[in-house]
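Text of the file work.cif, holding mmCIF, C-alpha atoms and all ligand atoms:
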```cif
data_my_file
#
loop_
_atom_site.label_atom_id
_atom_site.label_comp_id
_atom_site.auth_asym_id
_atom_site.auth_seq_id
_atom_site.Cartn_x
_atom_site.Cartn_y
_atom_site.Cartn_z
CA MET A 27 23.61 7.87 8.30
CA PRO A 28 21.08 10.77 8.16
CA GLU A 29 18.09 10.20 10.39
CA VAL A 30 14.66 10.10 8.74
CA LYS A 31 12.01 11.20 11.24
CA THR A 32 8.50 9.82 10.82
CA LYS A 33 4.94 10.63 11.86
CA GLN A 34 1.84 8.42 11.76
CA SER A 35 -0.50 7.52 8.91
CA LEU A 36 -4.17 8.66 8.89
CA HIS A 37 -5.00 4.98 9.24
CA LYS A 38 -3.00 4.62 12.48
CA ARG A 39 -4.52 7.82 13.86
CA ASN A 40 -8.03 6.52 13.07
CA ASP A 41 -8.59 9.75 11.18
CA GLU A 42 -11.96 9.95 9.39
CA LEU A 43 -10.09 10.42 6.10
CA ALA A 44 -8.61 6.93 6.43
CA ASN A 45 -12.13 5.90 5.40
CA THR A 46 -12.44 5.90 1.60
CA ASN A 47 -16.23 6.44 1.75
CA ARG A 48 -15.65 9.64 3.70
CA GLN A 49 -13.17 10.82 1.06
CA LEU A 50 -15.64 10.06 -1.73
CA GLU A 51 -18.38 11.87 0.18
CA ILE A 52 -16.21 15.00 0.33
CA LEU A 53 -15.37 14.71 -3.39
CA ASN A 54 -18.97 14.18 -4.46
CA ASN A 55 -20.74 16.67 -2.21
CA GLY A 56 -20.20 20.36 -1.40
CA ILE A 57 -19.19 22.47 -4.38
CA PHE A 58 -19.90 19.65 -6.83
CA GLU A 59 -23.27 18.68 -5.38
CA SER A 60 -24.46 22.30 -5.35
CA GLY A 61 -23.47 22.70 -9.01
CA GLU A 62 -20.91 25.42 -8.22
CA LEU A 63 -18.42 23.27 -10.11
CA PRO A 64 -19.30 20.69 -12.79
CA LYS A 65 -18.79 17.04 -11.94
CA PHE A 66 -15.99 15.38 -13.90
CA ALA A 67 -18.45 13.14 -15.79
CA ASP A 68 -20.39 16.22 -16.98
CA LYS A 69 -17.21 18.02 -17.94
CA ILE A 70 -15.91 15.21 -20.15
CA ALA A 71 -19.40 14.82 -21.65
CA GLN A 72 -19.02 18.38 -22.99
CA ASN A 73 -16.14 17.01 -25.08
CA GLY A 74 -18.13 14.08 -26.37
CA HIS A 75 -16.99 11.44 -23.83
CA SER A 76 -20.06 9.77 -22.37
CA SER A 77 -17.59 7.70 -20.31
CA LEU A 78 -13.89 6.83 -20.27
CA GLN A 79 -12.83 3.56 -21.85
CA PRO A 80 -9.50 1.77 -21.85
CA LYS A 81 -7.38 1.64 -24.99
CA LYS A 82 -4.61 -0.92 -25.47
CA LEU A 83 -3.20 -2.16 -22.14
CA GLU A 84 0.41 -1.02 -21.88
CA ILE A 85 1.20 -0.82 -18.16
CA LEU A 86 0.57 -3.24 -15.33
CA GLN A 87 1.09 -1.39 -12.06
CA ILE A 88 1.41 -3.54 -8.97
CA ASN A 89 1.27 -2.14 -5.46
CA VAL A 90 3.15 -4.65 -3.28
CA GLY A 91 2.21 -3.02 0.03
CA TYR A 92 1.48 0.18 1.88
CA MET A 93 4.40 -0.10 4.30
CA CYS A 94 6.97 2.66 3.92
CA ASN A 95 9.92 4.04 5.90
CA GLN A 96 8.62 7.57 5.26
CA VAL A 97 5.36 9.36 6.08
CA CYS A 98 5.32 12.13 3.45
CA GLU A 99 2.87 14.93 4.03
CA HIS A 100 1.08 14.51 0.70
CA CYS A 101 1.10 10.73 0.28
CA HIS A 102 -2.03 9.58 -1.57
CA VAL A 103 -1.39 6.01 -0.36
CA ASP A 104 -1.36 7.03 3.33
CA ALA A 105 1.75 4.86 3.56
CA GLY A 106 4.06 4.60 6.54
CA PRO A 107 5.93 2.24 8.86
CA ASP A 108 2.65 1.55 10.66
CA ARG A 109 0.88 0.16 7.56
CA LYS A 110 0.93 -3.63 7.59
CA GLU A 111 -0.79 -4.37 4.24
CA ILE A 112 1.76 -6.40 2.28
CA MET A 113 1.34 -8.54 -0.87
CA THR A 114 1.86 -12.25 -0.16
CA ARG A 115 4.00 -14.55 -2.30
CA GLU A 116 0.82 -16.30 -3.40
CA THR A 117 -0.64 -13.08 -4.83
CA MET A 118 2.76 -12.28 -6.38
CA GLN A 119 2.67 -15.67 -8.09
CA GLN A 120 -0.78 -14.82 -9.48
CA CYS A 121 0.69 -11.55 -10.78
CA LEU A 122 3.58 -13.44 -12.41
CA ASP A 123 1.12 -15.73 -14.18
CA VAL A 124 -0.62 -12.65 -15.56
CA ILE A 125 2.64 -10.91 -16.54
CA LYS A 126 3.60 -13.99 -18.59
CA ASN A 127 0.52 -13.60 -20.78
CA THR A 128 -0.20 -9.89 -20.80
CA GLY A 129 0.18 -7.63 -23.80
CA ALA A 130 1.50 -4.89 -21.49
CA HIS A 131 5.08 -3.74 -22.20
CA THR A 132 5.65 -2.07 -18.83
CA LEU A 133 5.62 -3.48 -15.32
CA ASP A 134 5.50 -0.82 -12.62
CA LEU A 135 6.10 -1.85 -8.98
CA THR A 136 5.00 0.60 -6.37
CA GLY A 137 4.09 0.86 -2.67
CA GLY A 138 4.70 2.19 0.07
CA ALA A 139 8.33 1.34 -0.28
CA PRO A 140 8.11 -1.80 -2.45
CA GLU A 141 11.54 -2.91 -1.21
CA MET A 142 10.09 -3.43 2.30
CA ASN A 143 7.98 -6.35 1.13
CA PRO A 144 9.91 -9.44 2.33
CA ASN A 145 9.32 -11.13 -1.04
CA PHE A 146 10.32 -8.09 -3.11
CA ARG A 147 13.65 -9.49 -4.35
CA TRP A 148 12.16 -12.85 -5.23
CA PHE A 149 9.41 -11.13 -7.17
CA VAL A 150 11.83 -8.88 -9.08
CA GLU A 151 14.04 -11.87 -9.93
CA GLU A 152 11.08 -13.88 -11.23
CA ALA A 153 9.41 -10.98 -13.06
CA SER A 154 12.64 -9.88 -14.74
CA LYS A 155 12.88 -13.31 -16.42
CA LEU A 156 9.58 -12.74 -18.22
CA GLY A 157 10.82 -10.39 -20.93
CA ILE A 158 8.83 -7.27 -20.02
CA LYS A 159 10.36 -4.34 -21.92
CA ASP A 160 10.32 -1.70 -19.19
CA PHE A 161 10.50 -2.87 -15.56
CA ILE A 162 9.97 0.09 -13.22
CA VAL A 163 10.49 0.11 -9.46
CA ARG A 164 9.25 3.25 -7.70
CA SER A 165 11.91 3.64 -5.03
CA ASN A 166 11.73 6.46 -2.51
CA LEU A 167 15.59 6.53 -2.42
CA THR A 168 15.90 6.83 1.38
CA ILE A 169 15.11 3.11 1.72
CA ILE A 170 18.52 2.46 0.11
CA ARG A 171 20.15 4.16 3.13
CA ALA A 172 17.57 3.14 5.77
CA ASN A 173 19.22 -0.06 6.94
CA LYS A 174 22.25 -2.06 5.89
CA LYS A 175 20.05 -4.84 4.53
CA TYR A 176 19.09 -2.41 1.76
CA TYR A 177 22.57 -1.00 1.01
CA ASP A 178 23.06 -3.31 -1.97
CA LEU A 179 19.80 -2.30 -3.67
CA PRO A 180 21.57 -0.24 -6.38
CA ASP A 181 23.54 -3.38 -7.38
CA PHE A 182 20.40 -5.50 -7.23
CA PHE A 183 18.49 -3.03 -9.43
CA ALA A 184 21.35 -2.90 -11.94
CA ALA A 185 21.65 -6.71 -12.07
CA HIS A 186 17.99 -6.95 -13.07
CA ASN A 187 18.00 -3.94 -15.37
CA VAL A 188 15.33 -2.27 -13.26
CA HIS A 189 14.24 1.23 -14.27
CA VAL A 190 14.34 3.32 -11.09
CA VAL A 191 11.75 6.10 -10.69
CA SER A 192 12.05 8.19 -7.54
CA SER A 193 10.30 11.13 -5.93
CA MET A 194 12.33 14.27 -5.44
CA PRO A 195 10.13 17.28 -4.74
CA HIS A 196 12.99 19.80 -4.87
CA TRP A 197 16.74 20.20 -5.22
CA THR A 198 16.99 21.95 -1.85
CA LYS A 199 16.96 20.38 1.60
CA GLY A 200 14.38 22.75 3.12
CA LYS A 201 11.60 22.12 0.59
CA THR A 202 12.27 18.38 0.32
CA ASP A 203 12.36 17.73 4.07
CA LYS A 204 9.25 19.82 4.66
CA GLN A 205 7.20 17.58 2.38
CA ARG A 206 8.89 14.22 2.96
CA GLY A 207 10.34 14.40 6.49
CA ASN A 208 13.54 15.50 8.22
CA GLY A 209 16.64 13.80 6.87
CA VAL A 210 15.00 12.74 3.58
CA PHE A 211 17.00 15.14 1.43
CA ASP A 212 20.45 14.06 2.67
CA ALA A 213 19.56 10.35 2.42
CA SER A 214 18.11 10.86 -1.09
CA ILE A 215 21.25 12.66 -2.30
CA LYS A 216 23.46 9.86 -0.98
CA ALA A 217 21.23 7.24 -2.66
CA LEU A 218 21.26 9.13 -5.98
CA GLN A 219 25.06 9.31 -5.87
CA GLU A 220 25.22 5.58 -5.27
CA LEU A 221 22.86 4.94 -8.18
CA ASN A 222 25.02 7.18 -10.38
CA ASP A 223 28.10 5.18 -9.29
CA ARG A 224 26.45 2.04 -10.74
CA GLY A 225 25.73 3.89 -14.00
CA TYR A 226 22.11 4.83 -13.20
CA GLY A 227 21.02 8.14 -14.70
CA MET A 228 24.32 8.80 -16.49
CA PRO A 229 24.09 10.26 -20.00
CA ASP A 230 23.76 7.44 -22.56
CA SER A 231 23.49 4.79 -19.84
CA LYS A 232 20.91 2.04 -20.34
CA LEU A 233 20.24 2.05 -16.58
CA ARG A 234 17.31 4.47 -16.40
CA LEU A 235 16.89 6.82 -13.44
CA ASP A 236 13.96 9.25 -13.55
CA LEU A 237 12.76 11.64 -10.88
CA VAL A 238 9.22 12.63 -9.96
CA TYR A 239 8.31 16.13 -8.88
CA ASN A 240 5.05 16.98 -7.15
CA PRO A 241 4.20 20.45 -5.80
CA SER A 242 4.73 21.12 -2.11
CA GLY A 243 1.40 22.93 -1.64
CA ALA A 244 -2.05 23.61 -3.07
CA PHE A 245 -0.85 24.57 -6.54
CA LEU A 246 -0.29 22.89 -9.90
CA PRO A 247 3.11 21.96 -11.31
CA THR A 248 4.63 24.35 -13.82
CA ASN A 249 6.20 23.35 -17.13
CA GLN A 250 7.83 19.90 -16.90
CA GLU A 251 10.60 20.64 -19.38
CA ALA A 252 11.64 23.88 -17.69
CA MET A 253 11.61 22.20 -14.29
CA GLN A 254 13.72 19.34 -15.59
CA LYS A 255 16.34 21.86 -16.76
CA ASP A 256 16.41 23.53 -13.33
CA PHE A 257 16.61 20.21 -11.47
CA LYS A 258 19.40 18.92 -13.72
CA LYS A 259 21.46 22.09 -13.36
CA ALA A 260 21.09 22.31 -9.58
CA LEU A 261 21.68 18.62 -8.83
CA LEU A 262 24.72 18.48 -11.10
CA GLU A 263 26.28 21.70 -9.81
CA ASP A 264 25.59 21.09 -6.13
CA PHE A 265 26.01 17.32 -5.83
CA ASN A 266 27.42 16.02 -9.13
CA ILE A 267 24.18 14.04 -9.64
CA ASN A 268 22.81 12.98 -13.04
CA PHE A 269 19.39 11.64 -13.91
CA HIS A 270 17.43 11.12 -17.12
CA GLN A 271 13.93 12.60 -17.03
CA LEU A 272 11.82 14.56 -14.58
CA PHE A 273 8.11 13.71 -14.40
CA ALA A 274 5.88 16.48 -13.06
CA ILE A 275 2.86 15.06 -11.25
CA THR A 276 -0.19 16.92 -9.96
CA ASN A 277 -1.24 16.12 -6.38
CA LEU A 278 -4.69 14.51 -6.41
CA PRO A 279 -7.17 15.37 -3.64
CA ILE A 280 -6.91 11.96 -1.99
CA SER A 281 -5.87 10.72 1.44
CA ARG A 282 -3.11 12.78 3.10
CA PHE A 283 -3.15 15.46 0.39
CA LEU A 284 -6.92 15.80 0.85
CA ASP A 285 -6.31 16.02 4.59
CA TYR A 286 -3.71 18.74 3.99
CA LEU A 287 -6.09 20.67 1.69
CA ILE A 288 -8.89 20.58 4.24
CA ALA A 289 -6.67 21.41 7.23
CA SER A 290 -5.09 24.35 5.40
CA GLU A 291 -8.52 25.52 4.15
CA ASN A 292 -7.39 25.17 0.56
CA TYR A 293 -9.71 22.38 -0.59
CA GLU A 294 -12.27 24.48 -2.48
CA ASP A 295 -9.68 26.80 -4.05
CA TYR A 296 -7.64 23.81 -5.15
CA MET A 297 -10.65 22.13 -6.77
CA TYR A 298 -11.46 25.42 -8.52
CA SER A 299 -7.92 25.62 -9.89
CA LEU A 300 -8.05 22.00 -11.12
CA VAL A 301 -11.38 22.60 -12.86
CA GLU A 302 -10.22 25.92 -14.33
CA ALA A 303 -7.08 24.23 -15.69
CA TYR A 304 -9.14 21.40 -17.25
CA ASN A 305 -7.53 20.50 -20.55
CA PRO A 306 -9.81 18.52 -22.90
CA SER A 307 -6.83 17.22 -24.87
CA ALA A 308 -5.46 15.49 -21.75
CA VAL A 309 -8.62 13.36 -21.39
CA SER A 310 -7.84 10.79 -24.06
CA ASN A 311 -4.40 10.05 -22.59
CA VAL A 312 -5.11 9.79 -18.88
CA MET A 313 -3.25 6.93 -17.22
CA CYS A 314 -6.27 4.69 -16.72
CA THR A 315 -6.67 4.35 -20.50
CA ASN A 316 -3.54 2.15 -20.76
CA THR A 317 -3.02 0.85 -17.22
CA ILE A 318 -4.37 -1.71 -14.78
CA SER A 319 -3.50 -1.28 -11.13
CA VAL A 320 -3.28 -4.28 -8.78
CA SER A 321 -3.52 -3.83 -5.01
CA TRP A 322 -1.48 -5.69 -2.37
CA ASP A 323 -4.41 -8.10 -1.92
CA GLY A 324 -4.90 -8.71 -5.64
CA TRP A 325 -7.90 -6.49 -6.44
CA LEU A 326 -7.93 -4.67 -9.76
CA TYR A 327 -8.37 -0.93 -10.27
CA ASP A 328 -8.26 1.52 -13.16
CA CYS A 329 -5.36 3.38 -11.54
CA ASP A 330 -3.48 3.77 -8.27
CA PHE A 331 -5.71 6.70 -7.26
CA ASN A 332 -8.89 4.66 -7.66
CA GLN A 333 -7.18 1.96 -5.62
CA MET A 334 -6.65 4.39 -2.75
CA LEU A 335 -10.32 5.41 -2.95
CA GLY A 336 -11.44 1.77 -2.93
CA LEU A 337 -13.01 2.10 -6.41
CA LYS A 338 -12.55 -1.34 -7.98
CA VAL A 339 -12.81 -1.87 -11.75
CA ALA A 340 -16.34 -1.91 -13.15
CA SER A 341 -15.97 -5.37 -14.67
CA LYS A 342 -17.06 -8.85 -13.75
CA VAL A 343 -13.32 -9.59 -13.50
CA LYS A 344 -12.25 -7.83 -10.33
CA HIS A 345 -9.36 -9.88 -8.94
CA ILE A 346 -5.96 -10.94 -10.28
CA SER A 347 -6.92 -14.59 -9.70
CA ASP A 348 -9.67 -14.21 -12.36
CA TYR A 349 -7.65 -11.97 -14.67
CA ASN A 350 -8.94 -11.80 -18.23
CA GLU A 351 -7.55 -8.97 -20.33
CA GLU A 352 -10.18 -9.23 -23.03
CA VAL A 353 -13.04 -8.89 -20.56
CA LEU A 354 -11.29 -6.09 -18.65
CA GLN A 355 -10.66 -4.07 -21.79
CA LYS A 356 -14.44 -3.78 -22.30
CA ARG A 357 -15.05 -1.99 -18.99
CA ASN A 358 -15.95 1.63 -18.38
CA ILE A 359 -13.41 3.44 -16.20
CA VAL A 360 -14.67 4.52 -12.78
CA ILE A 361 -14.38 8.29 -12.44
CA SER A 362 -15.03 10.93 -9.81
CA GLN A 363 -13.97 14.50 -9.05
CA HIS A 364 -10.36 13.50 -8.17
CA CYS A 365 -9.93 12.79 -11.91
CA TYR A 366 -9.65 16.55 -12.51
CA GLY A 367 -6.10 16.13 -11.16
CA CYS A 368 -5.21 14.07 -14.25
CA THR A 369 -6.61 16.54 -16.79
CA ALA A 370 -5.39 19.86 -15.37
CA GLY A 371 -2.91 21.86 -17.44
CA ALA A 372 -0.56 19.55 -19.30
CA GLY A 373 -2.25 16.56 -17.64
CA SER A 374 -0.66 14.21 -15.14
CA SER A 375 0.13 10.53 -14.85
CA CYS A 376 2.75 8.32 -13.19
CA GLN A 377 4.89 9.11 -16.26
CA GLY A 378 4.42 12.87 -15.95
CA THR A 379 2.49 15.11 -18.35
CA VAL A 380 0.18 13.56 -20.96
CA ALA A 381 -0.91 16.45 -23.19
S1 LIG B 401 4.89 9.37 -0.90
FE1 LIG B 401 6.05 7.48 -1.28
S2 LIG B 401 7.81 7.64 0.09
FE2 LIG B 401 6.28 9.08 0.83
S3 LIG B 401 5.09 7.97 2.37
FE3 LIG B 401 4.04 7.77 0.40
S4 LIG B 401 4.78 5.86 -0.46
FE4 LIG B 401 6.23 6.46 1.15
S1 LIG B 402 -7.75 9.44 -11.35
FE1 LIG B 402 -7.51 7.46 -12.31
S2 LIG B 402 -9.52 7.07 -13.21
FE2 LIG B 402 -9.41 9.24 -12.83
S3 LIG B 402 -8.65 10.11 -14.76
FE3 LIG B 402 -6.90 9.79 -13.39
S4 LIG B 402 -6.11 7.84 -14.01
FE4 LIG B 402 -8.22 7.95 -14.78
#
```
Please lay out the structure from this file as structure tokens.
Amino acid sequence: MPEVKTKQSLHKRNDELANTNRQLEILNNGIFESGELPKFADKIAQNGHSSLQPKKLEILQINVGYMCNQVCEHCHVDAGPDRKEIMTRETMQQCLDVIKNTGAHTLDLTGGAPEMNPNFRWFVEEASKLGIKDFIVRSNLTIIRANKKYYDLPDFFAAHNVHVVSSMPHWTKGKTDKQRGNGVFDASIKALQELNDRGYGMPDSKLRLDLVYNPSGAFLPTNQEAMQKDFKKALLEDFNINFHQLFAITNLPISRFLDYLIASENYEDYMYSLVEAYNPSAVSNVMCTNTISVSWDGWLYDCDFNQMLGLKVASKVKHISDYNEEVLQKRNIVISQHCYGCTAGAGSSCQGTVA
């Protein structure tokens, strides 16, 4: 089995960027405070948006814990084996009660590595009985090969008709391992082949397998369609691997990617390129307009990024135990300068481009 080597999270290292207030301070001060660059709220106001409001709720995204078997360089969750925040069965039950009554058609489980939550399988079994149309699990692939207790995950996913969405920053070992850790590429290839063996990602198969690309440095993704073609060709030719769609996601200046930007002295240039690439037509379709994000401890956020910055929903309903869709739909979305990552170029969301 290929070895996946790991480092430590910012949290474990007691790095100042493990503190969400410090991250927000960086995002709100400096070039934005001095007026060198316009704040996101001012920018969207130029296009007639005095604030961002939710539209119809379509996606419930649940983060079942920050524990992960990897410590990827750009992780906005700051996940890793040393993170102990894990959703309890009680909070999962509260989520199930909400899923039963929500108008959302998509359930999106994320982490960390969601499979590392000891109640993950129970939760998937229960949630899959509730008739949600699209049930996504964001699997990092290597977890499938990390330990024999996970070897049967492809069968488990198939049995519950789970839609697997997995990160794959490149079709070559060098670029993938640089961003995600030594050994990640080989383990991911093996996992993809096993998923293909169960029918995942095969042309015309109902078992959906999508990949997520995010850039390996301080630059924006290029055209999603063109990249998908390149990925498909290379993975098929080199490893006989099939998948359905590629989602291109922009790295947001949060957590370990913010740390990387600052350490490599790219922060200001990166923010300039996000602002320069601002696309007004992406604003109305940003992810927070159709999503609610739930954290491992049941708090509600407009999106996964706001969750990682500790920005809870601006509503009197703030926790899954008090969930009320009607009340939540009347909130204003909490925004800051990281939101430029969602409106740059063709836009970016957990489902790829939006414009
Ligand atoms: S990016 Fe995904 S796989 Fe990598 S450390 Fe973060 S949660 Fe884990
Ligand atoms: S970061 Fe979150 S709140 Fe900001 S635009 Fe993107 S999805 Fe919306």
Counting all atoms listed in the file, what residues are within 8 Å of ligand LIG 402 (chain B), given as a PDB file with C-alpha atoms, in the frame of the given file?
```pdb
ATOM      1  CA  LEU A  78     -13.890   6.830 -20.270  1.00  0.00           C
ATOM      2  CA  LEU A 278      -4.690  14.510  -6.410  1.00  0.00           C
ATOM      3  CA  VAL A 309      -8.620  13.360 -21.390  1.00  0.00           C
ATOM      4  CA  VAL A 312      -5.110   9.790 -18.880  1.00  0.00           C
ATOM      5  CA  MET A 313      -3.250   6.930 -17.220  1.00  0.00           C
ATOM      6  CA  CYS A 314      -6.270   4.690 -16.720  1.00  0.00           C
ATOM      7  CA  THR A 315      -6.670   4.350 -20.500  1.00  0.00           C
ATOM      8  CA  ASP A 328      -8.260   1.520 -13.160  1.00  0.00           C
ATOM      9  CA  CYS A 329      -5.360   3.380 -11.540  1.00  0.00           C
ATOM     10  CA  ASP A 330      -3.480   3.770  -8.270  1.00  0.00           C
ATOM     11  CA  PHE A 331      -5.710   6.700  -7.260  1.00  0.00           C
ATOM     12  CA  ASN A 332      -8.890   4.660  -7.660  1.00  0.00           C
ATOM     13  CA  ILE A 359     -13.410   3.440 -16.200  1.00  0.00           C
ATOM     14  CA  VAL A 360     -14.670   4.520 -12.780  1.00  0.00           C
ATOM     15  CA  ILE A 361     -14.380   8.290 -12.440  1.00  0.00           C
ATOM     16  CA  SER A 362     -15.030  10.930  -9.810  1.00  0.00           C
ATOM     17  CA  GLN A 363     -13.970  14.500  -9.050  1.00  0.00           C
ATOM     18  CA  HIS A 364     -10.360  13.500  -8.170  1.00  0.00           C
ATOM     19  CA  CYS A 365      -9.930  12.790 -11.910  1.00  0.00           C
ATOM     20  CA  TYR A 366      -9.650  16.550 -12.510  1.00  0.00           C
ATOM     21  CA  GLY A 367      -6.100  16.130 -11.160  1.00  0.00           C
ATOM     22  CA  CYS A 368      -5.210  14.070 -14.250  1.00  0.00           C
ATOM     23  CA  THR A 369      -6.610  16.540 -16.790  1.00  0.00           C
ATOM     24  CA  SER A 374      -0.660  14.210 -15.140  1.00  0.00           C
ATOM     25  CA  SER A 375       0.130  10.530 -14.850  1.00  0.00           C
TER      26      SER A 375
END
```
*Which residue gives the smallest distance to Val150 of chain A among A:Ala44, A:Met118, A:Ile169, A:Ala130, with only C-alpha atoms counted?*
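Closest candidate: A:Met118.
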How close does each residue of chain A get to ligand LIG 401 (chain B), giving the shortest atom pair and distance in Å to one decimal for every residue with an atom at most 10 Å away, counting only C-alpha atoms and all ligand atoms, sorted by chain and residue number, as CSV?
```
residue,atom,partner,partner_atom,distance
A:Thr32,CA,B:LIG401,S3,9.3
A:Lys33,CA,B:LIG401,S3,9.9
A:Gln34,CA,B:LIG401,S3,9.9
A:Ser35,CA,B:LIG401,S3,8.6
A:Gly91,CA,B:LIG401,S4,9.3
A:Tyr92,CA,B:LIG401,S4,7.0
A:Met93,CA,B:LIG401,FE4,7.5
A:Cys94,CA,B:LIG401,FE4,4.8
A:Asn95,CA,B:LIG401,FE4,6.5
A:Gln96,CA,B:LIG401,S3,4.6
A:Val97,CA,B:LIG401,S3,4.0
A:Cys98,CA,B:LIG401,FE2,4.1
A:Glu99,CA,B:LIG401,FE2,7.5
A:His100,CA,B:LIG401,S1,6.6
A:Cys101,CA,B:LIG401,FE3,4.2
A:His102,CA,B:LIG401,FE3,6.6
A:Val103,CA,B:LIG401,FE3,5.8
A:Asp104,CA,B:LIG401,FE3,6.2
A:Ala105,CA,B:LIG401,S3,4.7
A:Gly106,CA,B:LIG401,S3,5.5
A:Pro107,CA,B:LIG401,S3,8.7
A:Thr136,CA,B:LIG401,S4,7.9
A:Gly137,CA,B:LIG401,S4,5.5
A:Gly138,CA,B:LIG401,S4,3.7
A:Ala139,CA,B:LIG401,FE4,5.7
A:Pro140,CA,B:LIG401,S4,8.6
A:Arg164,CA,B:LIG401,FE1,8.3
A:Ser165,CA,B:LIG401,S2,7.7
A:Asn166,CA,B:LIG401,S2,4.8
A:Leu167,CA,B:LIG401,S2,8.2
A:Thr168,CA,B:LIG401,S2,8.2
A:Ile169,CA,B:LIG401,S2,8.7
A:Ser192,CA,B:LIG401,FE1,8.7
A:Ser193,CA,B:LIG401,FE1,7.3
A:Met194,CA,B:LIG401,S2,9.7
A:Gln205,CA,B:LIG401,FE2,8.7
A:Arg206,CA,B:LIG401,FE2,6.1
A:Gly207,CA,B:LIG401,FE2,8.8
A:Val210,CA,B:LIG401,S2,9.5
A:Asn240,CA,B:LIG401,S1,9.8
A:Arg282,CA,B:LIG401,FE3,9.1
```
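One finds atom CA of Gly129 of chain A at 12.1 Å from atom CA of Leu156 of chain A.
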*Could you check how far atom CA of Ala217 of chain A sits from atom CA of Met113 of chain A, in Å to one decimal?*
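Result for atom CA of Ala217 of chain A versus atom CA of Met113 of chain A: 25.5 Å, one decimal.
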*Point-to-point distance from atom CA of Glu42 of chain A to atom CA of Val238 of chain A, Å rounded to tenths*: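 One can read the atom CA of Glu42 of chain A to atom CA of Val238 of chain A distance as 28.8 Å.
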_Show me, as a PyMOL selection string, the residues that have an atom within 7 Å of Ile346 of chain A when counting all atoms listed in the file, minus same-chain residues fewer than 4 positions from it._
chain A and resi 120-121+324-326
*For Leu221 of chain A, the nearest of the candidates A:Ile112, A:Leu246, A:Ile267, A:Ile70, counting all atoms listed in the file*: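 Distance minimum relative to Leu221 of chain A lands on A:Ile267.
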*Excluding Leu287 of chain A and residues on its chain fewer than 2 positions from it, collect all residues at most 12 Å away from it, counting all atoms listed in the file, and give them as a count of residues only.*
26
*Select, from A:Gly227, A:Trp197, A:Glu151, A:His75, the residue with the minimum atom-to-atom distance to Phe182 of chain A, counting all atoms listed in the file.*
A:Glu151
